[in-house]
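Participant: This is run07.cif, which holds mmCIF, C-alpha atoms:
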```cif
data_structure
loop_
_atom_site.label_atom_id
_atom_site.label_comp_id
_atom_site.auth_asym_id
_atom_site.auth_seq_id
_atom_site.Cartn_x
_atom_site.Cartn_y
_atom_site.Cartn_z
CA MET A 1 -22.18 -56.52 -7.42
CA THR A 2 -18.97 -55.29 -5.86
CA THR A 3 -17.13 -55.60 -9.17
CA LEU A 4 -19.82 -53.69 -11.09
CA SER A 5 -19.96 -50.87 -8.57
CA SER A 6 -16.17 -50.50 -8.57
CA LYS A 7 -16.14 -50.37 -12.39
CA THR A 8 -18.80 -47.63 -12.47
CA ALA A 9 -17.11 -45.68 -9.70
CA ALA A 10 -13.77 -45.60 -11.52
CA PRO A 11 -14.98 -43.67 -14.62
CA ARG A 12 -16.80 -41.21 -12.36
CA SER A 13 -13.67 -40.56 -10.34
CA VAL A 14 -11.63 -40.09 -13.54
CA SER A 15 -14.20 -37.68 -15.01
CA GLY A 16 -14.31 -35.75 -11.73
CA TRP A 17 -10.52 -35.50 -11.70
CA ARG A 18 -10.51 -34.25 -15.30
CA SER A 19 -13.19 -31.68 -14.49
CA ALA A 20 -11.19 -30.44 -11.50
CA GLN A 21 -8.04 -30.21 -13.63
CA SER A 22 -9.89 -28.27 -16.33
CA LYS A 23 -11.23 -25.79 -13.76
CA ARG A 24 -7.77 -25.38 -12.29
CA ILE A 25 -6.25 -24.70 -15.72
CA LEU A 26 -8.99 -22.18 -16.57
CA LEU A 27 -8.53 -20.37 -13.25
CA THR A 28 -4.76 -20.30 -13.79
CA LEU A 29 -5.15 -18.83 -17.28
CA LEU A 30 -7.66 -16.31 -15.99
CA GLY A 31 -5.32 -15.29 -13.18
CA TRP A 32 -2.39 -14.83 -15.57
CA SER A 33 -4.59 -12.83 -17.97
CA VAL A 34 -5.68 -10.47 -15.19
CA ALA A 35 -2.07 -10.13 -14.00
CA LEU A 36 -0.90 -9.24 -17.52
CA VAL A 37 -3.61 -6.62 -17.89
CA ILE A 38 -2.70 -5.06 -14.53
CA PHE A 39 1.08 -5.09 -14.96
CA PHE A 40 1.27 -4.29 -18.68
CA PRO A 41 1.26 -0.47 -18.09
CA ILE A 42 4.19 -0.87 -15.67
CA PHE A 43 6.01 -3.06 -18.20
CA TRP A 44 5.36 -0.51 -20.95
CA MET A 45 6.57 2.34 -18.74
CA ILE A 46 9.83 0.51 -18.00
CA LEU A 47 10.41 -0.14 -21.70
CA THR A 48 9.65 3.47 -22.64
CA GLY A 49 12.26 4.66 -20.15
CA PHE A 50 14.95 2.96 -22.26
CA LYS A 51 13.88 4.76 -25.46
CA THR A 52 14.78 8.16 -26.83
CA GLU A 53 12.10 10.86 -26.87
CA THR A 54 11.63 10.43 -30.61
CA ALA A 55 11.29 6.65 -30.37
CA ALA A 56 8.92 6.91 -27.39
CA ILE A 57 6.47 8.98 -29.44
CA ALA A 58 6.92 7.60 -32.97
CA ASP A 59 7.86 3.95 -32.38
CA PRO A 60 5.48 1.98 -30.11
CA SER A 61 7.03 -1.39 -30.97
CA LEU A 62 8.60 -3.70 -28.41
CA ILE A 63 11.75 -4.13 -30.50
CA PHE A 64 14.13 -1.15 -30.30
CA SER A 65 17.68 -0.20 -29.44
CA PRO A 66 17.75 0.46 -25.69
CA THR A 67 19.56 3.51 -24.38
CA LEU A 68 20.21 5.09 -20.97
CA GLU A 69 19.88 8.60 -22.37
CA SER A 70 16.61 9.33 -20.54
CA TYR A 71 17.97 8.08 -17.20
CA GLN A 72 21.10 10.21 -17.63
CA ASP A 73 19.00 13.29 -18.42
CA VAL A 74 16.76 12.66 -15.41
CA HIS A 75 19.72 12.22 -13.10
CA ALA A 76 21.47 15.32 -14.42
CA ARG A 77 18.36 17.49 -14.11
CA SER A 78 17.62 16.99 -10.42
CA GLY A 79 18.84 15.06 -7.41
CA TYR A 80 16.90 11.81 -7.20
CA ALA A 81 18.39 10.92 -3.82
CA ARG A 82 16.94 14.01 -2.10
CA PHE A 83 13.41 13.27 -3.31
CA ALA A 84 13.76 9.59 -2.43
CA LEU A 85 14.96 10.46 1.08
CA ASN A 86 11.93 12.71 1.55
CA SER A 87 9.62 9.90 0.44
CA VAL A 88 11.23 7.43 2.84
CA ALA A 89 11.08 9.86 5.76
CA VAL A 90 7.47 10.86 5.13
CA ALA A 91 6.13 7.36 4.34
CA PHE A 92 7.76 5.58 7.28
CA GLY A 93 7.34 8.50 9.66
CA SER A 94 3.61 8.81 9.00
CA THR A 95 3.20 5.03 9.29
CA PHE A 96 4.98 5.00 12.65
CA PHE A 97 2.75 7.70 14.11
CA ALA A 98 -0.39 6.18 12.58
CA LEU A 99 0.37 2.84 14.25
CA LEU A 100 1.28 4.60 17.49
CA ILE A 101 -2.17 6.18 17.61
CA ALA A 102 -4.14 3.33 16.05
CA ILE A 103 -2.94 0.43 18.24
CA PRO A 104 -4.36 1.75 21.55
CA SER A 105 -7.46 3.06 19.75
CA ALA A 106 -8.19 -0.28 18.09
CA TYR A 107 -7.47 -2.10 21.38
CA ALA A 108 -10.04 0.01 23.22
CA MET A 109 -12.66 -0.43 20.50
CA ALA A 110 -12.11 -4.19 20.19
CA PHE A 111 -11.90 -5.17 23.86
CA LEU A 112 -13.61 -2.28 25.69
CA PRO A 113 -16.46 -1.39 23.32
CA THR A 114 -19.16 1.15 24.19
CA LYS A 115 -22.42 2.18 22.55
CA ARG A 116 -20.53 4.73 20.48
CA THR A 117 -17.84 2.39 19.16
CA LYS A 118 -19.61 1.43 15.92
CA GLY A 119 -20.63 5.02 15.30
CA THR A 120 -17.06 6.19 15.82
CA LEU A 121 -15.72 3.59 13.39
CA LEU A 122 -18.28 4.55 10.76
CA TRP A 123 -17.50 8.24 11.26
CA MET A 124 -13.78 7.59 10.82
CA LEU A 125 -14.44 5.63 7.64
CA SER A 126 -16.74 8.37 6.32
CA THR A 127 -13.87 10.86 6.43
CA LYS A 128 -12.21 8.90 3.61
CA MET A 129 -15.23 9.65 1.41
CA LEU A 130 -14.54 13.40 1.54
CA PRO A 131 -12.59 14.62 -1.53
CA SER A 132 -9.19 15.93 -0.53
CA VAL A 133 -9.71 19.12 -2.52
CA GLY A 134 -12.64 19.94 -0.22
CA VAL A 135 -10.29 20.60 2.70
CA LEU A 136 -7.30 21.86 0.73
CA VAL A 137 -7.80 25.56 1.49
CA PRO A 138 -8.16 25.30 5.29
CA ILE A 139 -5.30 22.81 5.60
CA TYR A 140 -3.09 24.96 3.36
CA LEU A 141 -3.84 28.07 5.47
CA ILE A 142 -3.17 26.20 8.73
CA CYS A 143 0.16 24.87 7.42
CA ARG A 144 1.09 28.35 6.21
CA ASP A 145 0.26 30.01 9.53
CA VAL A 146 2.17 27.47 11.67
CA GLY A 147 5.15 27.25 9.30
CA LEU A 148 4.61 23.71 8.03
CA LEU A 149 4.53 24.44 4.30
CA ASP A 150 7.23 22.58 2.37
CA THR A 151 8.33 20.61 5.43
CA ARG A 152 8.54 16.89 6.12
CA THR A 153 6.79 17.45 9.45
CA GLY A 154 3.76 18.92 7.71
CA LEU A 155 3.51 16.02 5.26
CA ILE A 156 3.96 13.45 8.04
CA ILE A 157 1.09 15.00 10.00
CA ILE A 158 -1.18 15.12 6.95
CA TYR A 159 -0.35 11.56 5.85
CA THR A 160 -0.81 10.26 9.40
CA LEU A 161 -4.30 11.74 9.61
CA MET A 162 -5.07 10.61 6.06
CA ASN A 163 -4.21 6.94 6.71
CA LEU A 164 -5.40 6.76 10.32
CA PRO A 165 -9.00 5.62 9.55
CA ILE A 166 -7.80 2.69 7.41
CA VAL A 167 -5.12 1.72 9.92
CA VAL A 168 -7.59 1.79 12.83
CA TRP A 169 -10.16 -0.23 10.90
CA MET A 170 -7.67 -2.92 9.90
CA LEU A 171 -6.19 -3.22 13.39
CA TYR A 172 -9.67 -3.30 14.90
CA THR A 173 -10.53 -6.23 12.62
CA PHE A 174 -7.35 -8.11 13.58
CA PHE A 175 -7.80 -7.45 17.30
CA LYS A 176 -11.46 -8.47 17.12
CA ASP A 177 -10.42 -11.92 15.83
CA MET A 178 -8.07 -12.33 18.78
CA PRO A 179 -9.39 -14.84 21.38
CA LYS A 180 -10.30 -12.89 24.52
CA ASP A 181 -9.46 -15.88 26.70
CA ILE A 182 -5.75 -15.22 26.18
CA LEU A 183 -6.01 -11.67 27.49
CA GLU A 184 -8.22 -12.78 30.38
CA ALA A 185 -5.61 -15.37 31.32
CA GLY A 186 -3.01 -12.60 31.34
CA ARG A 187 -5.18 -10.47 33.62
CA MET A 188 -5.62 -13.40 36.00
CA ASP A 189 -1.83 -13.69 36.17
CA GLY A 190 -1.63 -10.03 37.20
CA ALA A 191 -0.72 -8.44 33.86
CA SER A 192 -1.43 -4.73 33.51
CA THR A 193 -3.03 -3.18 30.43
CA LEU A 194 0.35 -2.20 28.98
CA GLN A 195 1.72 -5.69 29.61
CA GLU A 196 -1.35 -7.17 27.89
CA VAL A 197 -0.75 -5.04 24.83
CA PHE A 198 3.04 -5.44 24.57
CA PHE A 199 3.51 -9.05 25.67
CA LEU A 200 0.26 -10.72 24.53
CA LEU A 201 -1.64 -8.72 21.93
CA LEU A 202 1.17 -7.35 19.75
CA PRO A 203 3.16 -10.62 19.36
CA LEU A 204 0.02 -12.60 18.47
CA THR A 205 -1.27 -10.02 15.96
CA LEU A 206 2.14 -9.10 14.51
CA PRO A 207 1.28 -10.35 10.97
CA GLY A 208 -1.78 -8.10 10.89
CA ILE A 209 0.15 -5.12 12.25
CA ALA A 210 2.93 -5.68 9.69
CA SER A 211 0.52 -5.84 6.75
CA THR A 212 -1.28 -2.73 8.02
CA GLY A 213 2.03 -0.88 8.27
CA LEU A 214 3.06 -1.96 4.77
CA LEU A 215 -0.25 -0.79 3.35
CA SER A 216 0.17 2.57 5.09
CA VAL A 217 3.70 2.93 3.67
CA ILE A 218 2.43 2.20 0.14
CA LEU A 219 -0.45 4.67 0.44
CA SER A 220 1.88 7.38 1.75
CA TRP A 221 4.51 6.67 -0.90
CA ASN A 222 1.96 7.01 -3.72
CA GLU A 223 0.15 10.07 -2.37
CA ALA A 224 0.48 12.92 -4.86
CA PHE A 225 -2.27 15.46 -4.13
CA TRP A 226 -0.94 16.79 -0.83
CA SER A 227 2.72 16.61 -1.82
CA LEU A 228 2.07 18.73 -4.93
CA ASN A 229 0.05 21.34 -3.03
CA LEU A 230 2.01 21.58 0.23
CA THR A 231 5.61 21.27 -0.96
CA THR A 232 7.81 23.01 -3.50
CA SER A 233 11.43 21.89 -3.17
CA SER A 234 12.77 21.20 0.34
CA ALA A 235 10.34 18.44 1.37
CA ALA A 236 9.09 17.37 -2.07
CA PRO A 237 8.84 13.54 -2.34
CA LEU A 238 9.08 11.38 -5.45
CA THR A 239 5.51 12.10 -6.53
CA ALA A 240 6.44 15.77 -6.93
CA TYR A 241 9.65 14.65 -8.62
CA ILE A 242 7.65 12.82 -11.30
CA ALA A 243 5.29 15.76 -11.80
CA SER A 244 8.25 18.04 -12.47
CA PHE A 245 8.75 16.32 -15.84
CA SER A 246 5.43 17.68 -17.05
CA SER A 247 5.85 21.09 -18.65
CA PRO A 248 3.78 23.55 -20.75
CA GLU A 249 5.72 22.38 -23.80
CA GLY A 250 4.24 18.88 -23.38
CA LEU A 251 5.06 15.56 -21.80
CA PHE A 252 8.52 14.10 -22.29
CA TRP A 253 7.41 10.48 -22.37
CA ALA A 254 10.82 8.83 -22.21
CA LYS A 255 12.10 11.01 -19.36
CA LEU A 256 8.75 10.79 -17.56
CA SER A 257 8.85 6.99 -17.83
CA ALA A 258 12.44 6.86 -16.58
CA ALA A 259 11.60 9.12 -13.62
CA SER A 260 8.49 7.07 -12.82
CA THR A 261 10.47 3.82 -12.94
CA MET A 262 13.03 5.25 -10.53
CA ALA A 263 10.23 6.46 -8.26
CA ILE A 264 8.29 3.19 -8.04
CA ALA A 265 11.33 0.89 -7.97
CA PRO A 266 11.90 1.10 -4.18
CA ILE A 267 8.26 0.43 -3.27
CA LEU A 268 8.03 -2.41 -5.82
CA ILE A 269 11.12 -4.04 -4.33
CA LEU A 270 9.70 -3.60 -0.83
CA GLY A 271 6.38 -5.11 -1.89
CA TRP A 272 8.11 -8.05 -3.57
CA MET A 273 10.28 -8.74 -0.52
CA THR A 274 7.33 -8.55 1.91
CA GLN A 275 4.59 -10.16 -0.19
CA LYS A 276 4.41 -13.24 2.04
CA GLN A 277 4.01 -11.10 5.16
CA MET A 278 1.40 -8.97 3.40
CA VAL A 279 -0.71 -11.95 2.34
CA ARG A 280 -0.31 -13.59 5.73
CA GLY A 281 -1.39 -10.44 7.49
CA LEU A 282 -4.38 -9.73 5.23
CA THR A 283 -5.65 -13.29 5.74
CA PHE A 284 -4.92 -13.19 9.47
CA GLY A 285 -7.94 -14.52 11.37
CA ALA A 286 -9.76 -15.66 8.22
CA VAL A 287 -9.24 -19.35 9.04
CA LYS A 288 -9.55 -20.56 12.61
#
```
Show how you would write the structure in this file as structure tokens.
Facilitator:
Amino acid sequence: MTTLSSKTAAPRSVSGWRSAQSKRILLTLLGWSVALVIFFPIFWMILTGFKTETAAIADPSLIFSPTLESYQDVHARSGYARFALNSVAVAFGSTFFALLIAIPSAYAMAFLPTKRTKGTLLWMLSTKMLPSVGVLVPIYLICRDVGLLDTRTGLIIIYTLMNLPIVVWMLYTFFKDMPKDILEAGRMDGASTLQEVFFLLLPLTLPGIASTGLLSVILSWNEAFWSLNLTTSSAAPLTAYIASFSSPEGLFWAKLSAASTMAIAPILILGWMTQKQMVRGLTFGAVK
């Protein structure tokens, strides 16, 4: 009996292993297919940047003679460094202030909730559903009257308020997963509220805070609506830099692709270097 059962169990285990391998291969192929679909436009944009304007329009093939003509024209037309510096200042500045406001707000909502906490969170999230063009006129008039048009300060304030609901929601989720026993132990040892936040909460939720900050930087870096409407030259970031290659005569595809590649290169490198921290932070608290 033992021999027969072992013989029947062996084919079942082999068939189960083969089925698991087949599923794994199918999921891998599916994942690569989705990745190719998502990243193909970026790949095509990078290739187009190494073509001439004529080749970019008339020759869509992948085999061509690469040239740096478009990059040279883009660099000669306007100062890339100035636009890039504006993007860095605005993206990281708005992220810093968003975290500065969101950390105490999320702490209060997670550990000192009231009857209005859920309503406040839903109200903050509902502000993201409002189209930006709906508040363009009042915000433009306010920035004009207080002298914030075409300034980094104006963009930092706008981007901070724009990303604040998402930052608060994400930090609230991370803080909510934090065991309250740790904070209670700190209180029993005589820790103040500030000591709780700086020496207990922030170190333990650092992956979540880092991923939230990275997401805020990416959102600010890619924001185009407000930068195009509130800046002209002095504080214009890379999104306005890309838009400047669109003219009434038409789109210069090769130059536009070269400018876009130069604009997204820093944030792509940052995302690639911090992908482990991003994934770790976004899955923070998912497995206990």
Participant: Could you check how far CA of Pro104 (chain A) sits from CA of Val167 (chain A), in Å to one decimal?
Facilitator: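 Taking CA of Pro104 (chain A) as the start and CA of Val167 (chain A) as the end point, the length is 11.7 Å.
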Participant: Tell me, as a PyMOL selection string, which residues lie within 9 Å of Leu62 (chain A), counting only C-alpha atoms; anything in the same chain fewer than 2 positions away does not count.
Facilitator: chain A and resi 44+47+59-60+64
Participant: Between CA of Ile38 (chain A) and CA of Ser19 (chain A), what is the spacing in Å?
Facilitator: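 Atom-to-atom, CA of Ser19 (chain A) to CA of Ile38 (chain A), that is 28.6 Å.
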Participant: Give the answer as one residue: which of A:Thr153, A:Ser94, A:Met262, A:Trp226 has the shortest atom-to-atom distance to Val133 (chain A), using only C-alpha atoms?
Facilitator: A:Trp226
Participant: Hey, what's within 10 Å of Ala110 (chain A) if we count all atoms listed in the file and toss same-chain stuff fewer than 6 positions away? As a list in words, please?
Facilitator: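 Neighbouring residues, sequence-local ones excluded: Pro104, Thr117, Leu171, Tyr172, Thr173, Phe174, Phe175, Lys176, Asp177, Met178 and Lys180 of chain A.
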Participant: Quote the spacing between CA of Ala240 (chain A) and CA of Thr261 (chain A) in Å to one decimal place.
Facilitator: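 Result for CA of Ala240 (chain A) versus CA of Thr261 (chain A): 14.0 Å, one decimal.
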Participant: Measuring atom to atom with all atoms listed in the file, identify which of A:Leu68, A:Leu36, A:Leu200, A:Met162 is nearest to Lys255 (chain A).
Facilitator: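 Checking each candidate against Lys255 (chain A), we get A:Leu68 as the closest.
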Participant: Could you tell me which residues the PyMOL selection byres ((chain A and resi 151) around 12) grabs in this file, written as an mmCIF file with C-alpha atoms, keeping the file's coordinate frame?
Facilitator:
```cif
data_model
loop_
_atom_site.group_PDB
_atom_site.id
_atom_site.type_symbol
_atom_site.label_atom_id
_atom_site.label_comp_id
_atom_site.auth_asym_id
_atom_site.auth_seq_id
_atom_site.Cartn_x
_atom_site.Cartn_y
_atom_site.Cartn_z
ATOM 1 C CA ASN A 86 11.930 12.710 1.550
ATOM 2 C CA SER A 87 9.620 9.900 0.440
ATOM 3 C CA ALA A 89 11.080 9.860 5.760
ATOM 4 C CA VAL A 90 7.470 10.860 5.130
ATOM 5 C CA CYS A 143 0.160 24.870 7.420
ATOM 6 C CA ARG A 144 1.090 28.350 6.210
ATOM 7 C CA VAL A 146 2.170 27.470 11.670
ATOM 8 C CA GLY A 147 5.150 27.250 9.300
ATOM 9 C CA LEU A 148 4.610 23.710 8.030
ATOM 10 C CA LEU A 149 4.530 24.440 4.300
ATOM 11 C CA ASP A 150 7.230 22.580 2.370
ATOM 12 C CA ARG A 152 8.540 16.890 6.120
ATOM 13 C CA THR A 153 6.790 17.450 9.450
ATOM 14 C CA GLY A 154 3.760 18.920 7.710
ATOM 15 C CA LEU A 155 3.510 16.020 5.260
ATOM 16 C CA ILE A 156 3.960 13.450 8.040
ATOM 17 C CA ILE A 157 1.090 15.000 10.000
ATOM 18 C CA ILE A 158 -1.180 15.120 6.950
ATOM 19 C CA TRP A 226 -0.940 16.790 -0.830
ATOM 20 C CA SER A 227 2.720 16.610 -1.820
ATOM 21 C CA ASN A 229 0.050 21.340 -3.030
ATOM 22 C CA LEU A 230 2.010 21.580 0.230
ATOM 23 C CA THR A 231 5.610 21.270 -0.960
ATOM 24 C CA THR A 232 7.810 23.010 -3.500
ATOM 25 C CA SER A 233 11.430 21.890 -3.170
ATOM 26 C CA SER A 234 12.770 21.200 0.340
ATOM 27 C CA ALA A 235 10.340 18.440 1.370
ATOM 28 C CA ALA A 236 9.090 17.370 -2.070
ATOM 29 C CA PRO A 237 8.840 13.540 -2.340
#
```
Participant: Which of these residues is nearest to Phe97 (chain A), using only C-alpha atoms: A:Phe198, A:Tyr159, A:Trp169, A:Phe245?
Facilitator: A:Tyr159
Participant: Which residue is closest to Glu196 (chain A)? Choose from A:Ser216, A:Ile166, A:Arg77, A:Tyr107 and count only C-alpha atoms.
Facilitator: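 Once distances to Glu196 (chain A) are computed over only C-alpha atoms, the minimum belongs to A:Tyr107.
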Participant: Closest to Thr160 (chain A) among A:Phe225, A:Trp123, A:Phe111, A:Phe92, using only C-alpha atoms?
Facilitator: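 Of all the options, A:Phe92 lies closest to Thr160 (chain A).
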Participant: Nearest to Leu238 (chain A) among A:Ile101, A:Met273, A:Ala35, A:Val88, with distances taken over all atoms listed in the file: which residue is it?
Facilitator: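 Looking only at the distances to Leu238 (chain A), the closest residue turns out to be A:Val88.
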Participant: Can you pull region 70-99 of chain A out of that block with C-alpha atoms and hand it back as a compact mmCIF listing (two decimals), in the first residue's frame?
Facilitator:
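That gives us part_5.txt:
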```
# COMPACT_ATOMS: atom_id res chain seq x y z
CA SER A 70 18.69 67.81 -32.65
CA TYR A 71 20.44 67.88 -29.26
CA GLN A 72 22.85 70.55 -30.52
CA ASP A 73 19.96 72.67 -31.81
CA VAL A 74 18.08 72.29 -28.52
CA HIS A 75 21.12 73.25 -26.49
CA ALA A 76 21.90 76.24 -28.70
CA ARG A 77 18.32 77.53 -28.61
CA SER A 78 17.87 77.85 -24.85
CA GLY A 79 19.68 77.15 -21.60
CA TYR A 80 18.71 73.68 -20.41
CA ALA A 81 20.51 74.13 -17.08
CA ARG A 82 18.32 77.07 -16.03
CA PHE A 83 15.09 75.16 -16.66
CA ALA A 84 16.47 72.05 -14.95
CA LEU A 85 17.50 74.10 -11.90
CA ASN A 86 13.98 75.53 -11.68
CA SER A 87 12.50 72.03 -11.83
CA VAL A 88 14.81 70.78 -9.08
CA ALA A 89 14.09 73.76 -6.83
CA VAL A 90 10.33 73.60 -7.32
CA ALA A 91 9.98 69.79 -7.09
CA PHE A 92 12.14 69.32 -3.99
CA GLY A 93 11.01 72.56 -2.36
CA SER A 94 7.31 71.70 -2.68
CA THR A 95 7.97 68.16 -1.45
CA PHE A 96 9.80 69.47 1.62
CA PHE A 97 6.96 71.79 2.60
CA ALA A 98 4.31 69.16 1.81
CA LEU A 99 6.03 66.69 4.16
```
